[in-house]
2 protein chains.
Amino acid sequence: VSAEVASLPFGIFSVGADLPRAGVKLGERVLDLSGLLEDPVFDHDTLNPFLALGPAAWASTRAALADLVTATDGGTKERVDRHAISLADVRMHLPIAVADFVDFYSSLEHASNAGKILRPRDEPLMPNWRHLPVGYHGRAGTVVNSGTAVRRPRGQQLTADGAVVHEPSSKLDIEVELGFVVGAGSVHGSTVDIDDFTEHVFGTVLLIDWSARDIQAWEYRPLGPFLSKSFATSISPWVVPLGDLASARIAPAVQDPAPLPHLTSSAPFTYDIRLELRLNGHLVSAPEFASMYWTPAQQLAHMTSNGASLRTGDLYGTGTISSWDVSGFGSFMELTWNGRDPIVLPTGEQRGFLADGDEVSITASAPGPDGVRIDLGEVTGRVLPTEPYPDPPASSTTPTPTQEG
Amino acid sequence: VSAEVASLPFGIFSVGADLPRAGVKLGERVLDLSGLLEDPVFDHDTLNPFLALGPAAWASTRAALADLVTATDGGTKERVDRHAISLADVRMHLPIAVADFVDFYSSLEHASNAGKILRPRDEPLMPNWRHLPVGYHGRAGTVVNSGTAVRRPRGQQLTADGAVVHEPSSKLDIEVELGFVVGAGSVHGSTVDIDDFTEHVFGTVLLIDWSARDIQAWEYRPLGPFLSKSFATSISPWVVPLGDLASARIAPAVQDPAPLPHLTSSAPFTYDIRLELRLNGHLVSAPEFASMYWTPAQQLAHMTSNGASLRTGDLYGTGTISSWDVSGFGSFMELTWNGRDPIVLPTGEQRGFLADGDEVSITASAPGPDGVRIDLGEVTGRVLPTEPYPDPPASSTTPTPTQEG
């Protein structure tokens, strides 16, 4: 198996003014699926119709594609070539219509680091942390495709001298995460068994969880992060099917205490995925997904353990992937210890948090069959300055409300 | 103006096996809009296509309907009658495809009560509470139509003796809320001015925010409520356009400190809406929306003040509507002071929190033109027992993962 066919990730592409449609990435080319497989399920601007077909259809499509791209007869090769477009000639789009977006907080290292930084006088981990994968809902409508520029948010902050201001964030950060994409939904009121993870989850993307630390610190009690996260979340354009990651399955971290039965797999696993975080092209960190405390299957089981249903297009982020030492810290808050120890780029530039114009990139790879490495692609985003704030209206034309109406 | 035509709420109905489509409620009848107005925008199973048209289309549709239903000529009356169906003959559906769901926490009375109950040793209000409308994202995929039975969720809880268990909630509660429905979206990266509230928000629904207090108490730190809320949220089937509530506009609560400029309307208003909460048909509380500290326009401005975009179908809950005394408490947590003082129904039954089989109902009304009262409809939900939990698989057929794959 060559690296080129070890993974066939799915995405949504367009050529020129054509409507976006589904394709798979084959090396430096995109295969146009609706043409190649003659199936209208791929002739949509999101992968959702295909994902909704469920795991049997995902597997049979994968098998059909593998046969096509490894065929040696001239007729099949010509057919594949006829539906192949150079990556250089396509524009990639957000691969899924995001239904609900959930973000977890499942790295023991990150949660410990964040606790030490943000609540230095308290125990870094809350009492619940080792019992359940802590998570919260994020904003689905602001999940954007890789490459979309992200405006620095303005938000309420408490200044050092106790004033409350509404200013552009000066602690703009990112978190290095994977996102898992739900294909097959579930019934509202029923739970999803932890061992049914691959029956529901289609694949994974790389995810930038943009975070404004100063806004977060002021707003998050008692109901959690809101505007500090909701301005943008970026994902990679190519969804790597879980089936492509069979060779990357490894035993997960040991959990103490043992999780409750509904969070206990009959055969626990996670994925050996190595990530790299770059700032303006310079490698600044290399987090390892294998170190995560809670697995994606446990996250899925937890999320549905109250009867909440899954829908096609649900996306959940794993939470920051981090480490005990700076080489694998998955956020600038950790890399610079909340700005105290700026990182120095090879150019001599220093960064506590992100500056306008900065470009962040996450790439990743995993073991594939026969010793090849599978490329999980890339997610990038560049920081735009805050939009100038509109002046308050000098004289309003809005009718004055009255008690009478 | 009669009470019947003072408000023309929009919803999605079906008759028999016909496909769901949009209608307006006219007294005890539903007018079939795609037939009556001969406009295919109403021939969908959600109101979203109509809502997306924006405020000018909402106003012109309202004007056209008012003309039709108040016409006195025989031809027009016959035309209206031809597209009218008795409410008794229709089935109502969820009126919107919910995009993002946000829930606020904007009653000073409720936030103070909740703080006293849940954190008795601390200040009831967090330092941020009077500076911004605290809120968080909820689960859009489990917003259900009024009348949908709601299963009691199972969830992790910390018992009194310090054990962590995964059991059906024994503190199942509801919060009395209004929901505001966004029609016209906004541009990602830009803010929405507080005075543009009615340019974006189409109307309001009644909302039951189902809440499992024992699950919430264990899970909510530091990222907020998650599974304690995500199992279900119920909304009323009829969306009342804001335009119908012009006579209900009143001055909002005085705010101290004065809000920052982006949260300051040129002409602040809220709505004089009286709600009633019933348990199994017995009135247990009558909260007043007018008492809310943060207004729906402030909530909208806050939600977008970081550049987060709005989409058609976004829904935001106001947070529990409550009062300083038991007559208007908007949750059972407050009504029974966390179960300590059960309420006694006229039947002699007592309730700390909700029992299986209980039916909750919220109704509401507001001042309309010419002294009539506008009916905001009803949202109901009945509690089903927790689904029996599946036994753990005795012997799994899942392949054992290996380090090699």
# chains A, B, ... in the order shown; residues from 1 in each chain; ligands from 1

call {"tool": "interface_residues", "arguments": {"of": "chain B", "to": "chain A", "cutoff": "6 Å", "atoms": "only C-alpha atoms", "output": "CSV table (one decimal) with N, CA, C and O atoms, in the first residue's frame"}}
result
chain,number,residue,atom,x,y,z
B,136,TYR,N,-24.8,30.8,27.5
B,136,TYR,CA,-24.0,29.7,27.1
B,136,TYR,C,-24.7,29.0,25.9
B,136,TYR,O,-25.9,29.2,25.7
B,137,HIS,N,-24.0,28.2,25.1
B,137,HIS,CA,-24.7,27.5,24.0
B,137,HIS,C,-25.3,26.2,24.5
B,137,HIS,O,-24.7,25.5,25.4
B,138,GLY,N,-26.5,25.9,24.0
B,138,GLY,CA,-27.2,24.7,24.3
B,138,GLY,C,-27.2,23.8,23.1
B,138,GLY,O,-26.6,24.1,22.1
B,151,ARG,N,-37.9,12.2,28.2
B,151,ARG,CA,-37.4,11.2,29.2
B,151,ARG,C,-36.6,11.8,30.2
B,151,ARG,O,-35.7,12.6,30.0
B,153,PRO,N,-33.5,12.2,32.3
B,153,PRO,CA,-32.2,11.8,31.9
B,153,PRO,C,-31.5,11.0,33.0
B,153,PRO,O,-31.7,11.2,34.2
B,154,ARG,N,-30.6,10.1,32.6
B,154,ARG,CA,-29.6,9.5,33.5
B,154,ARG,C,-28.4,10.4,33.4
B,154,ARG,O,-28.1,10.9,32.4
B,155,GLY,N,-27.6,10.5,34.5
B,155,GLY,CA,-26.4,11.2,34.5
B,155,GLY,C,-25.6,11.1,35.7
B,155,GLY,O,-26.0,10.6,36.7
B,189,GLY,N,-17.9,38.1,11.7
B,189,GLY,CA,-16.9,39.0,11.9
B,189,GLY,C,-17.4,40.4,12.2
B,189,GLY,O,-16.6,41.3,12.6
B,223,LEU,N,-16.7,24.4,32.9
B,223,LEU,CA,-17.2,24.8,31.6
B,223,LEU,C,-18.7,25.0,31.4
B,223,LEU,O,-19.2,25.2,30.3
B,224,GLY,N,-19.4,24.9,32.5
B,224,GLY,CA,-20.9,25.2,32.4
B,224,GLY,C,-21.7,24.0,32.3
B,224,GLY,O,-21.3,22.9,32.2
B,226,PHE,N,-24.0,21.1,30.7
B,226,PHE,CA,-23.9,20.3,29.5
B,226,PHE,C,-25.0,19.3,29.4
B,226,PHE,O,-26.1,19.6,28.9
B,231,PHE,N,-30.5,17.2,27.2
B,231,PHE,CA,-31.5,16.1,26.8
B,231,PHE,C,-32.7,16.6,26.2
B,231,PHE,O,-33.4,15.9,25.4
B,246,ALA,N,-46.2,45.1,19.7
B,246,ALA,CA,-45.9,46.5,19.8
B,246,ALA,C,-46.6,47.1,21.0
B,246,ALA,O,-46.0,48.0,21.7
B,247,SER,N,-47.8,46.7,21.3
B,247,SER,CA,-48.5,47.3,22.4
B,247,SER,C,-48.0,46.8,23.8
B,247,SER,O,-48.4,47.3,24.8
B,249,ARG,N,-44.8,46.7,24.5
B,249,ARG,CA,-43.5,47.3,24.8
B,249,ARG,C,-43.5,48.2,26.0
B,249,ARG,O,-44.4,49.1,26.1
B,250,ILE,N,-42.6,48.0,26.9
B,250,ILE,CA,-42.5,48.8,28.1
B,250,ILE,C,-41.0,49.1,28.4
B,250,ILE,O,-40.2,48.4,27.9
B,267,ALA,N,-33.3,53.5,22.6
B,267,ALA,CA,-34.6,53.6,23.2
B,267,ALA,C,-34.9,52.2,23.8
B,267,ALA,O,-35.6,51.4,23.2
B,306,ASN,N,-18.8,39.9,19.7
B,306,ASN,CA,-17.4,39.4,19.3
B,306,ASN,C,-17.3,39.1,17.9
B,306,ASN,O,-16.3,38.5,17.5
B,307,GLY,N,-18.3,39.4,17.1
B,307,GLY,CA,-18.3,39.1,15.7
B,307,GLY,C,-18.9,37.8,15.3
B,307,GLY,O,-19.0,37.4,14.1
B,308,ALA,N,-19.4,37.0,16.3
B,308,ALA,CA,-20.2,35.8,16.0
B,308,ALA,C,-21.4,36.2,15.1
B,308,ALA,O,-22.1,37.1,15.4
B,400,THR,N,-10.3,-6.7,18.8
B,400,THR,CA,-9.4,-6.2,19.8
B,400,THR,C,-8.3,-5.3,19.1
B,400,THR,O,-7.7,-5.7,18.2
B,402,THR,N,-4.9,-3.3,18.4
B,402,THR,CA,-3.5,-3.7,18.7
B,402,THR,C,-2.7,-2.4,18.5
B,402,THR,O,-3.1,-1.5,17.9
B,403,GLN,N,-1.5,-2.5,18.9
B,403,GLN,CA,-0.6,-1.4,18.7
B,403,GLN,C,-0.2,-1.3,17.2
B,403,GLN,O,0.2,-0.3,16.7
B,404,GLU,N,-0.3,-2.5,16.5
B,404,GLU,CA,0.1,-2.5,15.1
B,404,GLU,C,-1.0,-2.2,14.2
B,404,GLU,O,-0.7,-1.7,13.1
B,405,GLY,N,-2.2,-2.5,14.6
B,405,GLY,CA,-3.4,-2.3,13.7
B,405,GLY,C,-3.7,-3.5,12.8
B,405,GLY,O,-3.0,-4.5,12.9

call {"tool": "closest_atom_pairs", "arguments": {"of": "region 303-394 of chain A", "to": "region 18-38 of chain A", "cutoff": "12 Å", "atoms": "only C-alpha atoms", "output": "CSV"}}
result
residue,atom,partner,partner_atom,distance
A:Ile374,CA,A:Gly27,CA,11.1
A:Asp375,CA,A:Gly27,CA,10.0
A:Leu376,CA,A:Lys25,CA,11.0
A:Gly377,CA,A:Lys25,CA,10.2

call {"tool": "write_last_selection", "arguments": {"atoms": "all heavy atoms", "output": "mmCIF file, in the first residue's frame"}}
result
data_model
loop_
_atom_site.group_PDB
_atom_site.id
_atom_site.type_symbol
_atom_site.label_atom_id
_atom_site.label_comp_id
_atom_site.auth_asym_id
_atom_site.auth_seq_id
_atom_site.Cartn_x
_atom_site.Cartn_y
_atom_site.Cartn_z
ATOM 1 N N ILE A 374 0.136 8.164 7.369
ATOM 2 C CA ILE A 374 -1.059 8.807 6.833
ATOM 3 C C ILE A 374 -1.025 10.291 7.176
ATOM 4 O O ILE A 374 -0.776 10.666 8.318
ATOM 5 C CB ILE A 374 -2.322 8.130 7.402
ATOM 6 C CG1 ILE A 374 -2.464 6.744 6.765
ATOM 7 C CG2 ILE A 374 -3.556 8.985 7.187
ATOM 8 C CD1 ILE A 374 -3.584 5.932 7.331
ATOM 9 N N ASP A 375 -1.277 11.101 6.171
ATOM 10 C CA ASP A 375 -1.279 12.555 6.332
ATOM 11 C C ASP A 375 -2.705 12.997 6.674
ATOM 12 O O ASP A 375 -3.637 12.734 5.903
ATOM 13 C CB ASP A 375 -0.815 13.170 5.007
ATOM 14 C CG ASP A 375 -0.798 14.685 5.026
ATOM 15 O OD1 ASP A 375 -1.061 15.284 6.097
ATOM 16 O OD2 ASP A 375 -0.520 15.268 3.956
ATOM 17 N N LEU A 376 -2.874 13.657 7.806
ATOM 18 C CA LEU A 376 -4.216 14.130 8.188
ATOM 19 C C LEU A 376 -4.494 15.545 7.700
ATOM 20 O O LEU A 376 -5.504 16.145 8.058
ATOM 21 C CB LEU A 376 -4.434 14.047 9.703
ATOM 22 C CG LEU A 376 -4.841 12.655 10.200
ATOM 23 C CD1 LEU A 376 -3.632 11.766 10.413
ATOM 24 C CD2 LEU A 376 -5.682 12.735 11.454
ATOM 25 N N GLY A 377 -3.605 16.065 6.868
ATOM 26 C CA GLY A 377 -3.875 17.359 6.251
ATOM 27 C C GLY A 377 -3.453 18.527 7.114
ATOM 28 O O GLY A 377 -2.539 18.422 7.937
#

call {"tool": "select_by_dssp", "arguments": {"residues": "region 269-329 of chain A", "states": "strand (DSSP E)", "output": "PyMOL selection string"}}
result
chain A and resi 270-271+274-279+282-285+315-317

call {"tool": "write_last_selection", "arguments": {"atoms": "C-alpha atoms", "output": "tab-separated table (two decimals), in the first residue's frame"}}
result
chain	number	residue	atom	x	y	z
A	270	THR	CA	-7.37	5.73	20.97
A	271	TYR	CA	-5.31	6.89	18.01
A	274	ARG	CA	1.17	13.27	16.05
A	275	LEU	CA	0.32	16.91	15.57
A	276	GLU	CA	2.46	19.93	14.80
A	277	LEU	CA	1.61	23.53	15.57
A	278	ARG	CA	3.23	26.26	13.51
A	279	LEU	CA	3.18	30.02	13.92
A	282	HIS	CA	7.79	28.09	12.49
A	283	LEU	CA	7.23	24.86	14.42
A	284	VAL	CA	6.35	25.77	18.01
A	285	SER	CA	4.91	22.55	19.43
A	315	LEU	CA	-18.89	17.79	15.40
A	316	TYR	CA	-17.04	17.38	18.65
A	317	GLY	CA	-13.62	18.69	19.52

call {"tool": "atom_distance", "arguments": {"atom1": "CA of Phe202 (chain B)", "atom2": "CA of Tyr293 (chain B)"}}
result
21.6 Å

call {"tool": "select_by_dssp", "arguments": {"residues": "region 44-212 of chain A", "states": "helix (DSSP H, G or I)", "output": "tab-separated table (two decimals) with N, CA, C and O atoms, in the first residue's frame"}}
result
chain	number	residue	atom	x	y	z
A	48	ASN	N	-22.80	15.78	4.20
A	48	ASN	CA	-23.86	15.24	5.07
A	48	ASN	C	-24.71	14.16	4.43
A	48	ASN	O	-24.98	13.14	5.07
A	49	PRO	N	-25.18	14.33	3.16
A	49	PRO	CA	-26.01	13.25	2.60
A	49	PRO	C	-25.28	11.91	2.54
A	49	PRO	O	-25.88	10.86	2.83
A	50	PHE	N	-24.01	11.93	2.23
A	50	PHE	CA	-23.23	10.68	2.22
A	50	PHE	C	-23.04	10.16	3.64
A	50	PHE	O	-23.23	8.96	3.91
A	51	LEU	N	-22.69	11.05	4.56
A	51	LEU	CA	-22.45	10.62	5.95
A	51	LEU	C	-23.70	9.98	6.55
A	51	LEU	O	-23.62	9.03	7.33
A	55	PRO	N	-22.46	3.46	8.31
A	55	PRO	CA	-21.16	2.79	8.21
A	55	PRO	C	-21.07	1.74	7.09
A	55	PRO	O	-19.98	1.57	6.52
A	56	ALA	N	-22.15	1.07	6.75
A	56	ALA	CA	-22.06	0.08	5.68
A	56	ALA	C	-21.77	0.78	4.35
A	56	ALA	O	-20.92	0.34	3.56
A	57	ALA	N	-22.44	1.90	4.12
A	57	ALA	CA	-22.21	2.66	2.89
A	57	ALA	C	-20.81	3.28	2.88
A	57	ALA	O	-20.15	3.33	1.83
A	58	TRP	N	-20.33	3.73	4.05
A	58	TRP	CA	-18.98	4.29	4.10
A	58	TRP	C	-17.96	3.21	3.70
A	58	TRP	O	-17.03	3.47	2.94
A	59	ALA	N	-18.17	2.00	4.23
A	59	ALA	CA	-17.22	0.91	3.96
A	59	ALA	C	-17.28	0.47	2.50
A	59	ALA	O	-16.24	0.23	1.87
A	60	SER	N	-18.47	0.37	1.96
A	60	SER	CA	-18.55	-0.10	0.58
A	60	SER	C	-18.01	0.95	-0.39
A	60	SER	O	-17.39	0.61	-1.41
A	61	THR	N	-18.23	2.22	-0.06
A	61	THR	CA	-17.66	3.29	-0.89
A	61	THR	C	-16.14	3.24	-0.84
A	61	THR	O	-15.46	3.36	-1.87
A	62	ARG	N	-15.61	3.06	0.36
A	62	ARG	CA	-14.16	2.96	0.54
A	62	ARG	C	-13.60	1.80	-0.29
A	62	ARG	O	-12.56	1.95	-0.95
A	63	ALA	N	-14.29	0.67	-0.24
A	63	ALA	CA	-13.81	-0.51	-0.96
A	63	ALA	C	-13.86	-0.28	-2.47
A	63	ALA	O	-12.93	-0.63	-3.21
A	64	ALA	N	-14.94	0.35	-2.93
A	64	ALA	CA	-15.06	0.62	-4.37
A	64	ALA	C	-13.96	1.57	-4.83
A	64	ALA	O	-13.35	1.39	-5.90
A	65	LEU	N	-13.68	2.58	-4.00
A	65	LEU	CA	-12.63	3.53	-4.36
A	65	LEU	C	-11.26	2.86	-4.37
A	65	LEU	O	-10.44	3.12	-5.26
A	66	ALA	N	-11.02	2.01	-3.37
A	66	ALA	CA	-9.72	1.33	-3.31
A	66	ALA	C	-9.52	0.49	-4.57
A	66	ALA	O	-8.43	0.47	-5.16
A	67	ASP	N	-10.58	-0.21	-4.98
A	67	ASP	CA	-10.48	-1.02	-6.20
A	67	ASP	C	-10.16	-0.13	-7.40
A	67	ASP	O	-9.30	-0.46	-8.23
A	68	LEU	N	-10.85	0.99	-7.49
A	68	LEU	CA	-10.65	1.87	-8.66
A	68	LEU	C	-9.24	2.44	-8.71
A	68	LEU	O	-8.60	2.43	-9.76
A	69	VAL	N	-8.76	2.93	-7.57
A	69	VAL	CA	-7.48	3.65	-7.63
A	69	VAL	C	-6.27	2.71	-7.65
A	69	VAL	O	-5.16	3.16	-7.93
A	70	THR	N	-6.49	1.44	-7.34
A	70	THR	CA	-5.37	0.49	-7.42
A	70	THR	C	-5.45	-0.39	-8.66
A	70	THR	O	-4.59	-1.25	-8.87
A	74	GLY	N	-6.00	-0.54	-18.15
A	74	GLY	CA	-6.02	0.77	-18.79
A	74	GLY	C	-7.38	1.45	-18.74
A	74	GLY	O	-7.46	2.65	-18.51
A	75	GLY	N	-8.45	0.66	-18.91
A	75	GLY	CA	-9.78	1.24	-18.92
A	75	GLY	C	-10.12	1.90	-17.60
A	75	GLY	O	-10.62	3.04	-17.56
A	76	THR	N	-9.85	1.20	-16.49
A	76	THR	CA	-10.16	1.76	-15.17
A	76	THR	C	-9.28	2.96	-14.88
A	76	THR	O	-9.74	3.98	-14.36
A	77	LYS	N	-7.99	2.85	-15.23
A	77	LYS	CA	-7.09	3.98	-14.98
A	77	LYS	C	-7.55	5.22	-15.74
A	77	LYS	O	-7.52	6.35	-15.22
A	78	GLU	N	-7.99	5.00	-16.94
A	78	GLU	CA	-8.47	6.13	-17.74
A	78	GLU	C	-9.73	6.76	-17.12
A	78	GLU	O	-9.91	7.96	-17.09
A	79	ARG	N	-10.61	5.85	-16.62
A	79	ARG	CA	-11.83	6.33	-15.98
A	79	ARG	C	-11.50	7.18	-14.75
A	79	ARG	O	-12.08	8.24	-14.53
A	80	VAL	N	-10.56	6.71	-13.93
A	80	VAL	CA	-10.16	7.47	-12.75
A	80	VAL	C	-9.56	8.82	-13.17
A	80	VAL	O	-9.92	9.87	-12.64
A	81	ASP	N	-8.68	8.76	-14.17
A	81	ASP	CA	-8.03	10.00	-14.61
A	81	ASP	C	-9.04	11.03	-15.13
A	81	ASP	O	-8.87	12.23	-14.96
A	82	ARG	N	-10.10	10.51	-15.77
A	82	ARG	CA	-11.11	11.40	-16.35
A	82	ARG	C	-11.82	12.21	-15.26
A	82	ARG	O	-12.30	13.31	-15.51
A	87	LEU	N	-5.16	19.23	-7.42
A	87	LEU	CA	-5.46	20.00	-6.21
A	87	LEU	C	-5.25	21.49	-6.43
A	87	LEU	O	-5.93	22.33	-5.83
A	88	ALA	N	-4.28	21.80	-7.29
A	88	ALA	CA	-3.96	23.21	-7.54
A	88	ALA	C	-5.11	23.93	-8.23
A	88	ALA	O	-5.19	25.17	-8.19
A	89	ASP	N	-6.01	23.17	-8.82
A	89	ASP	CA	-7.09	23.79	-9.60
A	89	ASP	C	-8.43	23.84	-8.86
A	89	ASP	O	-9.44	24.26	-9.43
A	108	LEU	N	-5.35	15.59	30.37
A	108	LEU	CA	-4.97	15.78	31.77
A	108	LEU	C	-3.90	16.85	31.87
A	108	LEU	O	-3.91	17.69	32.78
A	109	GLU	N	-2.99	16.85	30.90
A	109	GLU	CA	-1.91	17.82	30.91
A	109	GLU	C	-2.46	19.24	30.71
A	109	GLU	O	-2.12	20.16	31.46
A	110	HIS	N	-3.32	19.42	29.72
A	110	HIS	CA	-3.87	20.76	29.46
A	110	HIS	C	-4.73	21.23	30.63
A	110	HIS	O	-4.63	22.39	31.07
A	111	ALA	N	-5.61	20.35	31.12
A	111	ALA	CA	-6.49	20.76	32.21
A	111	ALA	C	-5.68	21.12	33.45
A	111	ALA	O	-6.01	22.07	34.17
A	112	SER	N	-4.60	20.39	33.68
A	112	SER	CA	-3.73	20.70	34.83
A	112	SER	C	-3.00	22.01	34.61
A	112	SER	O	-2.93	22.86	35.51
A	113	ASN	N	-2.45	22.19	33.42
A	113	ASN	CA	-1.75	23.44	33.11
A	113	ASN	C	-2.71	24.63	33.22
A	113	ASN	O	-2.39	25.66	33.84
A	114	ALA	N	-3.89	24.50	32.62
A	114	ALA	CA	-4.85	25.61	32.62
A	114	ALA	C	-5.27	25.93	34.05
A	114	ALA	O	-5.39	27.10	34.43
A	115	GLY	N	-5.49	24.90	34.85
A	115	GLY	CA	-5.87	25.13	36.25
A	115	GLY	C	-4.78	25.88	37.00
A	115	GLY	O	-5.06	26.83	37.74
A	116	LYS	N	-3.52	25.45	36.80
A	116	LYS	CA	-2.41	26.12	37.50
A	116	LYS	C	-2.30	27.58	37.09
A	116	LYS	O	-2.01	28.45	37.90
A	117	ILE	N	-2.52	27.84	35.78
A	117	ILE	CA	-2.37	29.21	35.27
A	117	ILE	C	-3.53	30.10	35.71
A	117	ILE	O	-3.33	31.23	36.16
A	118	LEU	N	-4.77	29.56	35.59
A	118	LEU	CA	-5.94	30.41	35.78
A	118	LEU	C	-6.44	30.44	37.22
A	118	LEU	O	-7.09	31.40	37.62
A	140	ALA	N	-22.06	26.32	16.39
A	140	ALA	CA	-21.92	25.60	15.12
A	140	ALA	C	-21.83	26.57	13.94
A	140	ALA	O	-21.13	26.28	12.96
A	141	GLY	N	-22.51	27.71	14.04
A	141	GLY	CA	-22.60	28.62	12.91
A	141	GLY	C	-21.33	29.37	12.59
A	141	GLY	O	-21.23	30.02	11.55
A	142	THR	N	-20.34	29.30	13.48
A	142	THR	CA	-19.08	29.99	13.22
A	142	THR	C	-17.92	29.00	13.05
A	142	THR	O	-16.76	29.38	13.19
A	194	ILE	N	-20.85	2.86	24.12
A	194	ILE	CA	-19.48	3.27	23.85
A	194	ILE	C	-18.84	2.40	22.76
A	194	ILE	O	-18.02	2.89	21.97
A	195	ASP	N	-19.25	1.13	22.66
A	195	ASP	CA	-18.68	0.26	21.64
A	195	ASP	C	-19.26	0.51	20.25
A	195	ASP	O	-18.83	-0.09	19.27
A	196	ASP	N	-20.24	1.39	20.15
A	196	ASP	CA	-20.81	1.74	18.84
A	196	ASP	C	-20.19	3.01	18.26
A	196	ASP	O	-20.72	3.59	17.30
A	197	PHE	N	-19.07	3.43	18.80
A	197	PHE	CA	-18.38	4.64	18.34
A	197	PHE	C	-18.22	4.68	16.82
A	197	PHE	O	-18.61	5.65	16.16
A	198	THR	N	-17.67	3.60	16.24
A	198	THR	CA	-17.41	3.63	14.79
A	198	THR	C	-18.69	3.41	13.97
A	198	THR	O	-18.65	3.55	12.75
A	199	GLU	N	-19.80	3.06	14.62
A	199	GLU	CA	-21.08	2.99	13.91
A	199	GLU	C	-21.66	4.39	13.68
A	199	GLU	O	-22.51	4.57	12.82
A	200	HIS	N	-21.22	5.35	14.47
A	200	HIS	CA	-21.78	6.70	14.40
A	200	HIS	C	-20.79	7.74	13.87
A	200	HIS	O	-21.19	8.65	13.16

call {"tool": "atom_distance", "arguments": {"atom1": "CA of Thr336 (chain B)", "atom2": "CA of Thr159 (chain B)"}}
result
19.9 Å

call {"tool": "atom_distance", "arguments": {"atom1": "CA of Ile208 (chain B)", "atom2": "CA of Leu354 (chain B)"}}
result
13.3 Å
